[in-house]
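Colleague: The file below is upload.csv, CSV, C-alpha atoms and all ligand atoms:
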```
chain,number,residue,atom,x,y,z
A,1,MET,CA,-158.9,-91.5,161.0
A,2,SER,CA,-157.0,-92.8,163.9
A,3,LEU,CA,-156.1,-96.5,164.2
A,4,THR,CA,-158.3,-98.7,166.5
A,5,ALA,CA,-156.5,-100.4,169.3
A,6,GLU,CA,-157.0,-103.7,167.4
A,7,ALA,CA,-155.5,-102.4,164.2
A,8,PHE,CA,-152.6,-100.9,166.1
A,9,ARG,CA,-152.0,-104.3,167.8
A,10,SER,CA,-151.8,-106.0,164.5
A,11,HIS,CA,-148.5,-104.1,163.7
A,12,PHE,CA,-146.7,-106.0,166.6
A,13,PRO,CA,-145.9,-109.6,165.8
A,14,ILE,CA,-144.9,-110.4,169.4
A,15,PHE,CA,-148.6,-110.6,170.3
A,16,GLN,CA,-148.9,-113.8,168.3
A,17,ASP,CA,-147.4,-115.7,171.2
A,18,LYS,CA,-146.6,-113.3,174.1
A,19,ALA,CA,-148.4,-110.8,176.3
A,20,HIS,CA,-146.0,-107.8,176.0
A,21,LEU,CA,-146.6,-105.8,179.1
A,22,CYS,CA,-143.2,-104.2,179.6
A,23,SER,CA,-143.2,-101.0,177.5
A,24,CYS,CA,-141.9,-99.2,180.5
A,25,SER,CA,-138.7,-101.1,179.8
A,26,GLU,CA,-138.7,-101.5,176.0
A,27,GLY,CA,-141.6,-101.0,173.6
A,28,ALA,CA,-142.8,-103.9,171.4
A,29,LEU,CA,-141.1,-104.2,168.0
A,30,SER,CA,-143.5,-103.2,165.1
A,31,ASP,CA,-143.5,-104.4,161.5
A,32,ARG,CA,-142.8,-100.7,160.6
A,33,VAL,CA,-139.6,-100.5,162.6
A,34,MET,CA,-138.4,-103.8,161.2
A,35,VAL,CA,-138.9,-102.4,157.7
A,36,ALA,CA,-137.2,-99.1,158.6
A,37,MET,CA,-134.2,-100.8,160.1
A,38,SER,CA,-133.8,-103.0,157.0
A,39,GLU,CA,-134.1,-99.9,154.8
A,40,PHE,CA,-131.2,-98.4,156.7
A,41,MET,CA,-129.1,-101.6,156.1
A,42,THR,CA,-130.1,-101.6,152.4
A,43,SER,CA,-129.2,-97.9,152.0
A,44,TRP,CA,-125.8,-98.6,153.5
A,45,ARG,CA,-125.3,-101.7,151.4
A,46,VAL,CA,-126.3,-100.1,148.1
A,47,HIS,CA,-125.2,-96.5,148.5
A,48,GLY,CA,-122.2,-96.8,150.7
A,49,ALA,CA,-122.3,-93.5,152.6
A,50,PRO,CA,-125.7,-91.9,151.9
A,51,TRP,CA,-125.3,-89.2,154.7
A,52,HIS,CA,-127.8,-86.8,153.2
A,53,ALA,CA,-130.6,-89.4,153.2
A,54,TRP,CA,-129.6,-90.5,156.7
A,55,MET,CA,-129.6,-87.0,158.1
A,56,ASP,CA,-133.0,-86.4,156.5
A,57,GLU,CA,-134.3,-89.3,158.6
A,58,VAL,CA,-132.7,-87.8,161.7
A,59,ASP,CA,-134.6,-84.5,160.9
A,60,ALA,CA,-137.8,-86.4,160.2
A,61,ALA,CA,-137.5,-88.0,163.7
A,62,ARG,CA,-136.9,-84.6,165.3
A,63,THR,CA,-139.9,-83.1,163.5
A,64,LEU,CA,-142.2,-86.0,164.4
A,65,PHE,CA,-141.2,-85.7,168.0
A,66,ALA,CA,-141.7,-82.0,167.9
A,67,ASP,CA,-145.2,-82.5,166.5
A,68,LEU,CA,-146.0,-85.0,169.1
A,69,ILE,CA,-145.2,-82.6,172.0
A,70,HIS,CA,-146.6,-79.6,170.1
A,71,ALA,CA,-143.3,-77.8,169.8
A,72,ALA,CA,-141.5,-76.4,166.8
A,73,PRO,CA,-138.7,-78.6,165.3
A,74,GLU,CA,-136.1,-75.9,165.9
A,75,ASP,CA,-136.8,-76.1,169.7
A,76,VAL,CA,-135.9,-79.8,169.8
A,77,ALA,CA,-132.3,-81.1,169.9
A,78,VAL,CA,-131.4,-84.6,168.9
A,79,VAL,CA,-129.3,-86.2,171.7
A,80,SER,CA,-128.2,-89.8,172.6
A,81,CYS,CA,-130.1,-90.4,175.9
A,82,ALA,CA,-132.1,-88.7,178.6
A,83,SER,CA,-129.0,-88.3,180.8
A,84,GLU,CA,-127.3,-86.3,178.1
A,85,ALA,CA,-130.4,-84.1,177.8
A,86,ALA,CA,-130.4,-83.5,181.5
A,87,TYR,CA,-126.6,-82.7,181.4
A,88,HIS,CA,-127.2,-80.1,178.8
A,89,VAL,CA,-129.8,-78.4,181.0
A,90,ALA,CA,-127.6,-78.7,184.1
A,91,ALA,CA,-124.5,-77.4,182.4
A,92,THR,CA,-126.2,-74.2,181.1
A,93,LEU,CA,-127.7,-73.1,184.5
A,94,ASP,CA,-126.3,-70.5,186.8
A,95,TYR,CA,-125.8,-71.9,190.3
A,96,ALA,CA,-124.6,-68.6,191.9
A,97,GLU,CA,-127.9,-67.1,192.7
A,98,ARG,CA,-130.1,-70.2,192.5
A,99,PRO,CA,-128.1,-73.2,193.4
A,100,VAL,CA,-130.9,-75.6,194.3
A,101,ILE,CA,-132.1,-78.3,191.9
A,102,LEU,CA,-135.3,-79.9,193.3
A,103,THR,CA,-135.9,-83.5,192.4
A,104,SER,CA,-137.6,-86.5,194.0
A,105,GLU,CA,-137.4,-90.2,194.5
A,106,PHE,CA,-139.8,-90.6,191.6
A,107,GLU,CA,-137.1,-89.4,189.3
A,108,PHE,CA,-135.3,-91.9,187.2
A,109,PRO,CA,-131.9,-92.4,188.9
A,110,SER,CA,-129.9,-91.5,185.8
A,111,VAL,CA,-131.4,-88.1,185.6
A,112,ALA,CA,-131.0,-87.5,189.4
A,113,HIS,CA,-127.4,-88.6,189.0
A,114,VAL,CA,-126.8,-85.8,186.5
A,115,TRP,CA,-128.3,-83.3,189.0
A,116,LEU,CA,-126.0,-84.7,191.8
A,117,GLY,CA,-123.1,-84.6,189.5
A,118,GLN,CA,-123.4,-80.8,189.4
A,119,GLN,CA,-122.6,-80.4,193.1
A,120,PRO,CA,-118.9,-79.6,192.5
A,121,ARG,CA,-120.1,-76.8,190.2
A,122,GLY,CA,-122.1,-75.2,193.0
A,123,ALA,CA,-125.4,-77.0,192.7
A,124,ARG,CA,-127.3,-78.2,195.7
A,125,VAL,CA,-129.7,-81.1,195.1
A,126,GLU,CA,-132.7,-81.4,197.3
A,127,PHE,CA,-135.3,-84.2,197.3
A,128,VAL,CA,-139.0,-83.4,197.7
A,129,PRO,CA,-140.2,-85.5,200.7
A,130,ALA,CA,-143.1,-87.3,199.2
A,131,GLY,CA,-145.3,-90.3,200.0
A,132,ASP,CA,-144.6,-93.8,198.8
A,133,THR,CA,-147.0,-93.7,195.9
A,134,GLY,CA,-147.4,-90.1,195.0
A,135,MET,CA,-146.2,-86.5,195.0
A,136,THR,CA,-148.3,-83.4,195.1
A,137,ALA,CA,-147.6,-79.7,194.2
A,138,ASP,CA,-147.9,-79.0,198.0
A,139,ASP,CA,-145.1,-81.4,198.6
A,140,VAL,CA,-143.0,-79.4,196.2
A,141,ALA,CA,-144.2,-76.0,197.6
A,142,GLN,CA,-143.0,-77.0,201.1
A,143,VAL,CA,-139.3,-77.3,200.0
A,144,MET,CA,-139.1,-74.8,197.2
A,145,GLY,CA,-137.2,-71.7,198.4
A,146,GLU,CA,-135.8,-68.6,196.8
A,147,GLY,CA,-132.6,-70.5,195.9
A,148,THR,CA,-134.4,-73.0,193.7
A,149,GLY,CA,-133.3,-72.7,190.1
A,150,LEU,CA,-134.7,-75.9,188.6
A,151,VAL,CA,-137.5,-78.3,189.5
A,152,SER,CA,-137.2,-81.7,187.9
A,153,VAL,CA,-140.3,-83.8,187.6
A,154,PRO,CA,-141.2,-86.9,185.6
A,155,LEU,CA,-144.4,-86.9,183.4
A,156,VAL,CA,-144.9,-90.4,184.8
A,157,SER,CA,-142.7,-92.1,187.4
A,158,TYR,CA,-140.7,-95.2,186.2
A,159,ARG,CA,-141.1,-96.6,189.7
A,160,ASN,CA,-144.8,-97.1,190.0
A,161,GLY,CA,-146.5,-95.3,187.1
A,162,MET,CA,-147.5,-92.3,189.2
A,163,ARG,CA,-148.5,-89.1,187.3
A,164,PRO,CA,-147.4,-86.1,189.2
A,165,PRO,CA,-149.4,-82.8,188.7
A,166,VAL,CA,-146.8,-81.4,186.3
A,167,ARG,CA,-148.8,-78.4,185.2
A,168,GLU,CA,-149.5,-77.3,188.8
A,169,ILE,CA,-145.8,-77.9,189.7
A,170,ALA,CA,-144.7,-75.8,186.7
A,171,LYS,CA,-147.1,-73.0,187.7
A,172,LEU,CA,-145.7,-73.0,191.3
A,173,ALA,CA,-142.1,-73.2,190.1
A,174,HIS,CA,-142.5,-70.3,187.7
A,175,SER,CA,-144.2,-68.2,190.3
A,176,ARG,CA,-141.0,-68.5,192.4
A,177,GLY,CA,-138.7,-67.9,189.4
A,178,ALA,CA,-137.6,-71.5,188.9
A,179,ARG,CA,-137.5,-73.5,185.7
A,180,VAL,CA,-139.0,-76.9,185.1
A,181,PHE,CA,-137.5,-80.0,183.5
A,182,VAL,CA,-139.9,-82.8,182.6
A,183,ASP,CA,-138.7,-86.3,181.9
A,184,ALA,CA,-141.4,-87.6,179.6
A,185,TYR,CA,-139.9,-91.0,179.0
A,186,GLN,CA,-142.6,-93.0,180.8
A,187,GLY,CA,-145.5,-91.3,179.1
A,188,ALA,CA,-144.7,-89.9,175.7
A,189,GLY,CA,-146.3,-92.1,173.0
A,190,VAL,CA,-149.2,-93.4,175.1
A,191,MET,CA,-150.7,-90.1,176.4
A,192,PRO,CA,-151.1,-86.5,175.3
A,193,VAL,CA,-148.0,-84.4,175.8
A,194,ASP,CA,-148.2,-80.7,175.1
A,195,VAL,CA,-145.3,-78.5,176.2
A,196,ARG,CA,-147.5,-75.4,175.8
A,197,ASP,CA,-150.1,-76.9,178.2
A,198,LEU,CA,-147.5,-78.3,180.7
A,199,ASP,CA,-145.7,-74.9,180.4
A,200,CYS,CA,-142.4,-76.6,181.0
A,201,ASP,CA,-139.0,-75.1,180.1
A,202,TYR,CA,-137.3,-78.3,179.2
A,203,LEU,CA,-138.7,-81.8,178.2
A,204,ALA,CA,-136.7,-84.9,177.4
A,205,SER,CA,-137.5,-88.4,176.2
A,206,GLY,CA,-135.8,-91.3,174.6
A,207,THR,CA,-137.7,-93.3,172.0
A,208,LEU,CA,-137.2,-96.9,173.0
A,209,LYS,CA,-140.2,-97.3,175.3
A,210,TYR,CA,-143.7,-96.0,174.6
A,211,LEU,CA,-142.4,-94.3,171.5
A,212,LEU,CA,-141.6,-97.7,170.0
A,213,GLY,CA,-138.1,-97.0,168.7
A,214,ALA,CA,-134.8,-98.6,169.5
A,215,PRO,CA,-132.1,-97.5,172.0
A,216,GLY,CA,-129.6,-94.8,170.9
A,217,ILE,CA,-131.5,-91.6,170.5
A,218,ALA,CA,-133.4,-89.1,172.6
A,219,PHE,CA,-134.8,-85.6,172.3
A,220,LEU,CA,-134.5,-82.4,174.3
A,221,TYR,CA,-137.1,-79.7,174.0
A,222,VAL,CA,-136.0,-76.2,175.2
A,223,ARG,CA,-138.4,-73.4,175.5
A,224,PRO,CA,-137.6,-70.8,172.8
A,225,GLY,CA,-135.9,-67.7,174.0
A,226,LEU,CA,-134.8,-69.1,177.4
A,227,ASP,CA,-131.7,-67.4,178.7
A,228,LEU,CA,-128.7,-69.7,179.2
A,229,ALA,CA,-126.1,-68.8,181.8
A,230,HIS,CA,-123.5,-70.5,179.5
A,231,GLU,CA,-123.4,-72.1,176.1
A,232,PRO,CA,-123.5,-75.9,176.3
A,233,PRO,CA,-119.9,-77.1,177.2
A,234,LEU,CA,-120.6,-80.6,175.8
A,235,THR,CA,-120.7,-79.7,172.1
A,236,GLY,CA,-119.6,-80.8,168.6
A,237,TRP,CA,-119.9,-80.0,165.0
A,238,PHE,CA,-123.7,-80.7,164.8
A,239,ALA,CA,-124.2,-77.7,167.3
A,240,ARG,CA,-122.5,-75.3,164.9
A,241,GLN,CA,-124.3,-72.7,162.8
A,242,GLU,CA,-122.9,-74.4,159.7
A,243,PRO,CA,-121.8,-77.9,160.6
A,244,PHE,CA,-120.1,-78.3,157.2
A,245,ALA,CA,-117.9,-75.2,157.6
A,246,PHE,CA,-115.2,-77.4,159.1
A,247,ASP,CA,-113.5,-74.6,161.0
A,248,PRO,CA,-111.9,-75.9,164.2
A,249,HIS,CA,-111.3,-72.3,165.4
A,250,LEU,CA,-115.0,-71.3,165.2
A,251,LEU,CA,-117.3,-72.1,168.1
A,252,ASP,CA,-120.5,-70.5,166.8
A,253,TYR,CA,-123.6,-72.0,168.4
A,254,ALA,CA,-126.6,-72.7,166.2
A,255,PRO,CA,-129.8,-70.8,167.0
A,256,GLY,CA,-132.5,-72.7,168.9
A,257,ALA,CA,-132.2,-76.1,170.5
A,258,ARG,CA,-129.7,-77.3,167.8
A,259,ARG,CA,-127.0,-75.6,170.0
A,260,PHE,CA,-127.4,-78.6,172.4
A,261,GLN,CA,-126.3,-81.2,169.8
A,262,THR,CA,-122.9,-82.8,169.7
A,263,GLY,CA,-121.5,-85.3,167.2
A,264,THR,CA,-122.8,-87.8,164.7
A,265,PRO,CA,-126.3,-88.9,165.7
A,266,ALA,CA,-127.2,-92.6,166.0
A,267,ILE,CA,-128.5,-93.2,162.5
A,268,PRO,CA,-130.0,-96.7,162.9
A,269,ALA,CA,-131.8,-95.5,166.0
A,270,ALA,CA,-133.1,-92.5,164.1
A,271,PHE,CA,-134.6,-94.8,161.4
A,272,ALA,CA,-136.3,-96.8,164.2
A,273,ALA,CA,-137.4,-93.6,166.0
A,274,ALA,CA,-139.0,-92.1,162.9
A,275,ALA,CA,-140.8,-95.3,162.1
A,276,GLY,CA,-142.1,-95.6,165.7
A,277,LEU,CA,-143.1,-92.0,165.8
A,278,ARG,CA,-145.0,-92.3,162.4
A,279,LEU,CA,-146.9,-95.2,163.8
A,280,ILE,CA,-147.7,-93.3,167.1
A,281,ARG,CA,-148.9,-90.4,164.9
A,282,GLU,CA,-151.7,-92.7,163.6
A,283,ILE,CA,-153.2,-93.0,167.1
A,284,ASP,CA,-155.2,-90.5,169.0
A,285,PRO,CA,-153.3,-89.8,172.3
A,286,GLN,CA,-156.5,-89.1,174.3
A,287,GLU,CA,-158.0,-92.3,173.1
A,288,SER,CA,-154.7,-94.1,173.9
A,289,LEU,CA,-154.7,-92.7,177.4
A,290,ARG,CA,-158.4,-93.7,177.9
A,291,HIS,CA,-157.6,-97.2,176.6
A,292,VAL,CA,-154.6,-97.8,179.0
A,293,LEU,CA,-156.4,-96.3,182.0
A,294,ALA,CA,-159.4,-98.6,181.4
A,295,LEU,CA,-157.1,-101.7,181.1
A,296,GLY,CA,-155.3,-100.4,184.3
A,297,ASP,CA,-158.7,-100.1,186.1
A,298,SER,CA,-159.5,-103.8,185.2
A,299,LEU,CA,-156.1,-104.9,186.5
A,300,GLN,CA,-156.3,-102.8,189.6
A,301,GLU,CA,-159.8,-104.0,190.5
A,302,ALA,CA,-159.0,-107.6,190.0
A,303,PHE,CA,-155.7,-107.4,192.0
A,304,LEU,CA,-157.4,-105.6,194.9
A,305,ALA,CA,-160.3,-108.0,194.9
A,306,ALA,CA,-157.8,-110.9,195.1
A,307,GLY,CA,-156.1,-109.1,198.1
A,308,ILE,CA,-152.9,-108.3,196.1
A,309,ALA,CA,-151.1,-105.1,197.2
A,310,LEU,CA,-150.3,-102.5,194.6
A,311,HIS,CA,-147.4,-100.0,194.5
A,312,SER,CA,-149.2,-97.8,191.9
A,313,PRO,CA,-151.6,-95.1,193.1
A,314,ALA,CA,-155.1,-96.2,193.7
A,315,ASP,CA,-156.5,-93.0,192.3
A,316,ARG,CA,-156.9,-93.3,188.5
A,317,SER,CA,-156.2,-89.6,188.0
A,318,LEU,CA,-152.7,-90.1,189.5
A,319,ARG,CA,-152.0,-93.4,187.6
A,320,GLY,CA,-150.2,-93.5,184.3
A,321,PRO,CA,-149.9,-96.4,181.8
A,322,GLN,CA,-148.6,-98.8,184.5
A,323,VAL,CA,-149.9,-100.9,187.3
A,324,ALA,CA,-147.2,-102.0,189.8
A,325,VAL,CA,-147.7,-105.1,192.0
A,326,LEU,CA,-145.7,-105.4,195.2
A,327,ALA,CA,-143.8,-108.6,195.3
A,328,GLU,CA,-141.2,-109.8,197.8
A,329,ASP,CA,-139.1,-111.2,195.0
A,330,ALA,CA,-140.1,-109.2,191.9
A,331,GLU,CA,-137.3,-110.8,189.8
A,332,ASP,CA,-138.6,-114.3,190.6
A,333,LEU,CA,-142.2,-113.4,189.8
A,334,ALA,CA,-141.2,-111.7,186.5
A,335,ALA,CA,-139.2,-114.9,185.6
A,336,PHE,CA,-142.2,-117.1,186.4
A,337,LEU,CA,-144.5,-114.9,184.2
A,338,ALA,CA,-141.9,-114.9,181.4
A,339,GLY,CA,-142.0,-118.7,181.5
A,340,ARG,CA,-145.6,-118.4,180.5
A,341,GLY,CA,-145.0,-115.8,177.8
A,342,VAL,CA,-146.1,-112.9,180.0
A,343,LEU,CA,-143.5,-110.1,179.9
A,344,VAL,CA,-143.4,-107.6,182.7
A,345,ALA,CA,-140.6,-105.4,184.1
A,346,PRO,CA,-139.4,-106.0,187.7
A,347,ARG,CA,-138.0,-103.1,189.6
A,348,GLY,CA,-137.2,-103.1,193.3
A,349,ARG,CA,-140.0,-104.5,195.3
A,350,ALA,CA,-142.6,-104.5,192.5
A,351,ILE,CA,-143.3,-105.9,189.0
A,352,ARG,CA,-144.4,-103.1,186.6
A,353,ILE,CA,-147.1,-104.1,184.3
A,354,SER,CA,-147.2,-101.5,181.6
A,355,LEU,CA,-149.9,-100.8,179.2
A,356,HIS,CA,-149.8,-99.4,175.7
A,357,TYR,CA,-152.5,-98.9,173.1
A,358,TYR,CA,-151.5,-102.3,171.7
A,359,ASN,CA,-152.5,-104.2,174.9
A,360,ASP,CA,-155.9,-105.7,175.4
A,361,LEU,CA,-158.0,-107.6,177.8
A,362,THR,CA,-156.4,-111.0,176.8
A,363,ASP,CA,-153.0,-109.6,178.0
A,364,VAL,CA,-154.7,-108.4,181.2
A,365,GLY,CA,-156.2,-111.8,181.8
A,366,ARG,CA,-152.9,-113.6,181.2
A,367,VAL,CA,-150.9,-111.5,183.7
A,368,LEU,CA,-153.7,-111.7,186.3
A,369,GLU,CA,-153.9,-115.5,186.0
A,370,GLY,CA,-150.1,-115.7,186.1
A,371,VAL,CA,-149.8,-113.7,189.3
A,372,LEU,CA,-152.6,-115.6,191.0
A,373,ASP,CA,-150.9,-118.9,190.0
A,374,TYR,CA,-147.6,-117.7,191.3
A,375,ARG,CA,-149.2,-116.8,194.7
A,376,ARG,CA,-150.4,-120.4,195.1
A,377,GLY,CA,-146.8,-121.5,195.5
A,378,HIS,CA,-145.0,-118.3,196.7
A,379,ARG,CA,-145.3,-115.3,198.9
A,380,LEU,CA,-146.1,-112.1,197.2
B,401,LIG,C1,-138.2,-92.0,183.3
B,401,LIG,C2,-136.9,-92.5,182.6
B,401,LIG,N1,-136.0,-91.6,182.3
B,401,LIG,C3,-134.8,-91.9,181.7
B,401,LIG,C4,-134.6,-93.2,181.4
B,401,LIG,C5,-133.3,-93.6,180.7
B,401,LIG,O1,-132.4,-92.6,180.7
B,401,LIG,P1,-131.2,-92.7,179.7
B,401,LIG,O2,-131.8,-92.3,178.3
B,401,LIG,O3,-130.2,-91.6,180.1
B,401,LIG,O4,-130.6,-94.0,179.7
B,401,LIG,C6,-135.5,-94.2,181.8
B,401,LIG,C7,-135.4,-95.7,181.5
B,401,LIG,O5,-134.5,-96.3,181.1
B,401,LIG,C8,-136.7,-93.8,182.4
B,401,LIG,O6,-137.6,-94.7,182.7
```
Give the structure from the file, written as structure tokens.
Ligand SMILES: Cc1ncc(COP(=O)(O)O)c(C=O)c1O
Modeller:
Amino acid sequence: MSLTAEAFRSHFPIFQDKAHLCSCSEGALSDRVMVAMSEFMTSWRVHGAPWHAWMDEVDAARTLFADLIHAAPEDVAVVSCASEAAYHVAATLDYAERPVILTSEFEFPSVAHVWLGQQPRGARVEFVPAGDTGMTADDVAQVMGEGTGLVSVPLVSYRNGMRPPVREIAKLAHSRGARVFVDAYQGAGVMPVDVRDLDCDYLASGTLKYLLGAPGIAFLYVRPGLDLAHEPPLTGWFARQEPFAFDPHLLDYAPGARRFQTGTPAIPAAFAAAAGLRLIREIDPQESLRHVLALGDSLQEAFLAAGIALHSPADRSLRGPQVAVLAEDAEDLAAFLAGRGVLVAPRGRAIRISLHYYNDLTDVGRVLEGVLDYRRGHRL
């Protein structure tokens, strides 16, 4: 039986005094993650160097993430951040025949920066010209030519919570011989993610946002059997067939996605990630998406009725777990709200109000009231 939203919320002590609406920045800390982090400290204190137990937790996190996205654990690499995951993808592509990497302004900058960083190696980065709030498969079709090797698309945009039609974009990309990279960071944990259904070639996410872990660890899914132009040049002993062979002359890449690993993983972050993922496993992703969309509908209707302009798409089928409100001074508005215990994430000309399965109508009421109060004394 899956947890109800109310039971899920009870695992997050921050709701005793705050309205946490900033999971797009950092997920709320659960009692489970606090226990897991202290278990790590205790194991260190008591056992000194319990590497086997620690690596078991890294593997547990990998398997939990793989289960979440409906992949096999051997098709998931443990990496340190989404940028590193993107780098592994970029560094193993062939830019001779297909130099173009297609991205968009909805991409998180760090990932776009990795694509741009490949230009000296022959890559050409093109941005899909898209509207202010959304991006369609047609937008992608218009710029995708014969030379496109990779199409990079977020599951949900960090900027305004927009959900691009990833499945349609993947179908289009594959019909033209290009691969698809999905940055799932702003959606994994709060909505269903199925790599078989998305039909993507790569998918990356860190665990510190909707997956409820801590900074320091991320995962890269790579479709099994994908041909690589080169083995990953950023490597290390955890990418070897036998990491404990300790042979500095032997560069044998492990089968599957483990070939994309490097050095010692972030063990404390792995403890937090596994605990967060175990908690996420107790909720139904369809139910979670329904819950956040319903809360988003309430927010959107109330803001629009009050004449407040939104940066997130009006169409619910394009909206993810986030409602973004346009504000002239988003930092100032976020600080005003924080003063009342309402935590949102400012970014550019908007505050991002992000919703998880732990949020409820009291949080929605608090942020709404705060924004309306702010507007009495300031321009939005
Ligand atoms: C969509 C998205 N991708 C990636 C990141 C982070 O990238 P990295 O793990 O490289 O810091 C973020 C936010 O921090 C994000 O919102």
Colleague: Which protein, DNA or RNA residues have an atom within 7 Å of ligand LIG 401 (chain B), counting all atoms listed in the file, as a ChimeraX atom specification?
Modeller: /A:24-25,81-84,107-108,110-111,154,157-158,183-186,206,218
Colleague: Skip Phe106 in chain A itself and residues of its chain fewer than 3 positions away, then list as a JSON list (two decimals) with C-alpha atoms, in the coordinates of the input all residues within 12 Å of it, counting only C-alpha atoms.
Modeller:
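Contents of part-v5.json, freshly written:
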```json
[["chain", "number", "residue", "atom", "x", "y", "z"],
["A", 102, "LEU", "CA", -135.30, -79.90, 193.30],
["A", 103, "THR", "CA", -135.90, -83.50, 192.40],
["A", 109, "PRO", "CA", -131.90, -92.40, 188.90],
["A", 110, "SER", "CA", -129.90, -91.50, 185.80],
["A", 111, "VAL", "CA", -131.40, -88.10, 185.60],
["A", 112, "ALA", "CA", -131.00, -87.50, 189.40],
["A", 127, "PHE", "CA", -135.30, -84.20, 197.30],
["A", 128, "VAL", "CA", -139.00, -83.40, 197.70],
["A", 129, "PRO", "CA", -140.20, -85.50, 200.70],
["A", 130, "ALA", "CA", -143.10, -87.30, 199.20],
["A", 131, "GLY", "CA", -145.30, -90.30, 200.00],
["A", 132, "ASP", "CA", -144.60, -93.80, 198.80],
["A", 133, "THR", "CA", -147.00, -93.70, 195.90],
["A", 134, "GLY", "CA", -147.40, -90.10, 195.00],
["A", 135, "MET", "CA", -146.20, -86.50, 195.00],
["A", 136, "THR", "CA", -148.30, -83.40, 195.10],
["A", 152, "SER", "CA", -137.20, -81.70, 187.90],
["A", 153, "VAL", "CA", -140.30, -83.80, 187.60],
["A", 154, "PRO", "CA", -141.20, -86.90, 185.60],
["A", 155, "LEU", "CA", -144.40, -86.90, 183.40],
["A", 156, "VAL", "CA", -144.90, -90.40, 184.80],
["A", 157, "SER", "CA", -142.70, -92.10, 187.40],
["A", 158, "TYR", "CA", -140.70, -95.20, 186.20],
["A", 159, "ARG", "CA", -141.10, -96.60, 189.70],
["A", 160, "ASN", "CA", -144.80, -97.10, 190.00],
["A", 161, "GLY", "CA", -146.50, -95.30, 187.10],
["A", 162, "MET", "CA", -147.50, -92.30, 189.20],
["A", 163, "ARG", "CA", -148.50, -89.10, 187.30],
["A", 164, "PRO", "CA", -147.40, -86.10, 189.20],
["A", 182, "VAL", "CA", -139.90, -82.80, 182.60],
["A", 183, "ASP", "CA", -138.70, -86.30, 181.90],
["A", 186, "GLN", "CA", -142.60, -93.00, 180.80],
["A", 312, "SER", "CA", -149.20, -97.80, 191.90]]
```
Colleague: Give me the residues near Pro248 in chain A as a PyMOL selection string, where near means some atom within 12 Å (using all atoms listed in the file) and where sequence neighbours in that chain fewer than 5 positions away do not count.
Modeller: chain A and resi 236-237+240+242-243
Colleague: At a cut-off of 8 Å, using only C-alpha atoms, what residues contact Tyr358 in chain A? Leave out same-chain residues fewer than 6 positions from it and give the result as a list in words.
Modeller: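 Returned residues: Ala5, Glu6, Phe8, Arg9 and Phe12 of chain A.
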Colleague: Tell me which protein, DNA and RNA residues are within 8 Å of range 318-331 of chain A, counting only C-alpha atoms, leaving out same-chain ones fewer than 4 positions away, and put them as a PyMOL selection string.
Modeller: chain A and resi 24+134+156+160-164+187+190+289+292-293+296+299-300+308-314+335+346-356+379-380
Colleague: Please return as a VMD selection string every residue within 8 Å of (-131.2, -83.2, 182.3), taking into account all atoms listed in the file and the file's own coordinates.
Modeller: chain A and resid 82 to 90 111 114 to 115 181 204
Colleague: Export, as a compact mmCIF listing (two decimals), keeping the file's coordinate frame, the selected residues with C-alpha atoms.
Modeller:
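Contents of the output file selection34.txt:
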```txt
# COMPACT_ATOMS: atom_id res chain seq x y z
CA ALA A 82 -132.10 -88.70 178.60
CA SER A 83 -129.00 -88.30 180.80
CA GLU A 84 -127.30 -86.30 178.10
CA ALA A 85 -130.40 -84.10 177.80
CA ALA A 86 -130.40 -83.50 181.50
CA TYR A 87 -126.60 -82.70 181.40
CA HIS A 88 -127.20 -80.10 178.80
CA VAL A 89 -129.80 -78.40 181.00
CA ALA A 90 -127.60 -78.70 184.10
CA VAL A 111 -131.40 -88.10 185.60
CA VAL A 114 -126.80 -85.80 186.50
CA TRP A 115 -128.30 -83.30 189.00
CA PHE A 181 -137.50 -80.00 183.50
CA ALA A 204 -136.70 -84.90 177.40
```
Colleague: Counting only C-alpha atoms, which residue out of A:His174, A:Thr148, A:Cys22, A:Pro268 sits closest to Thr42 in chain A?
Modeller: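 Of all the options, A:Pro268 lies closest to Thr42 in chain A.
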Colleague: As an exercise, work out the distance from CA of Thr362 in chain A to CA of Ala19 in chain A in Å and give it to one decimal place.
Modeller: 8.0 Å
Colleague: For CA of Gly149 in chain A and CA of Arg196 in chain A, determine how far apart the two atoms are, in Å to one decimal place.
Modeller: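 Atom-to-atom, CA of Gly149 in chain A and CA of Arg196 in chain A are spaced 20.3 Å apart.
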Colleague: If we count all atoms listed in the file, what is near Ala338 in chain A at a cut-off of 12 Å, once residues fewer than 2 positions away on the same chain are taken out, given as a CSV table (one decimal) with C-alpha atoms, keeping the file's coordinate frame?
Modeller:
```
chain,number,residue,atom,x,y,z
A,17,ASP,CA,-147.4,-115.7,171.2
A,18,LYS,CA,-146.6,-113.3,174.1
A,19,ALA,CA,-148.4,-110.8,176.3
A,20,HIS,CA,-146.0,-107.8,176.0
A,21,LEU,CA,-146.6,-105.8,179.1
A,22,CYS,CA,-143.2,-104.2,179.6
A,331,GLU,CA,-137.3,-110.8,189.8
A,332,ASP,CA,-138.6,-114.3,190.6
A,333,LEU,CA,-142.2,-113.4,189.8
A,334,ALA,CA,-141.2,-111.7,186.5
A,335,ALA,CA,-139.2,-114.9,185.6
A,336,PHE,CA,-142.2,-117.1,186.4
A,340,ARG,CA,-145.6,-118.4,180.5
A,341,GLY,CA,-145.0,-115.8,177.8
A,342,VAL,CA,-146.1,-112.9,180.0
A,343,LEU,CA,-143.5,-110.1,179.9
A,344,VAL,CA,-143.4,-107.6,182.7
A,345,ALA,CA,-140.6,-105.4,184.1
A,346,PRO,CA,-139.4,-106.0,187.7
A,351,ILE,CA,-143.3,-105.9,189.0
A,366,ARG,CA,-152.9,-113.6,181.2
A,367,VAL,CA,-150.9,-111.5,183.7
A,370,GLY,CA,-150.1,-115.7,186.1
A,371,VAL,CA,-149.8,-113.7,189.3
A,374,TYR,CA,-147.6,-117.7,191.3
```
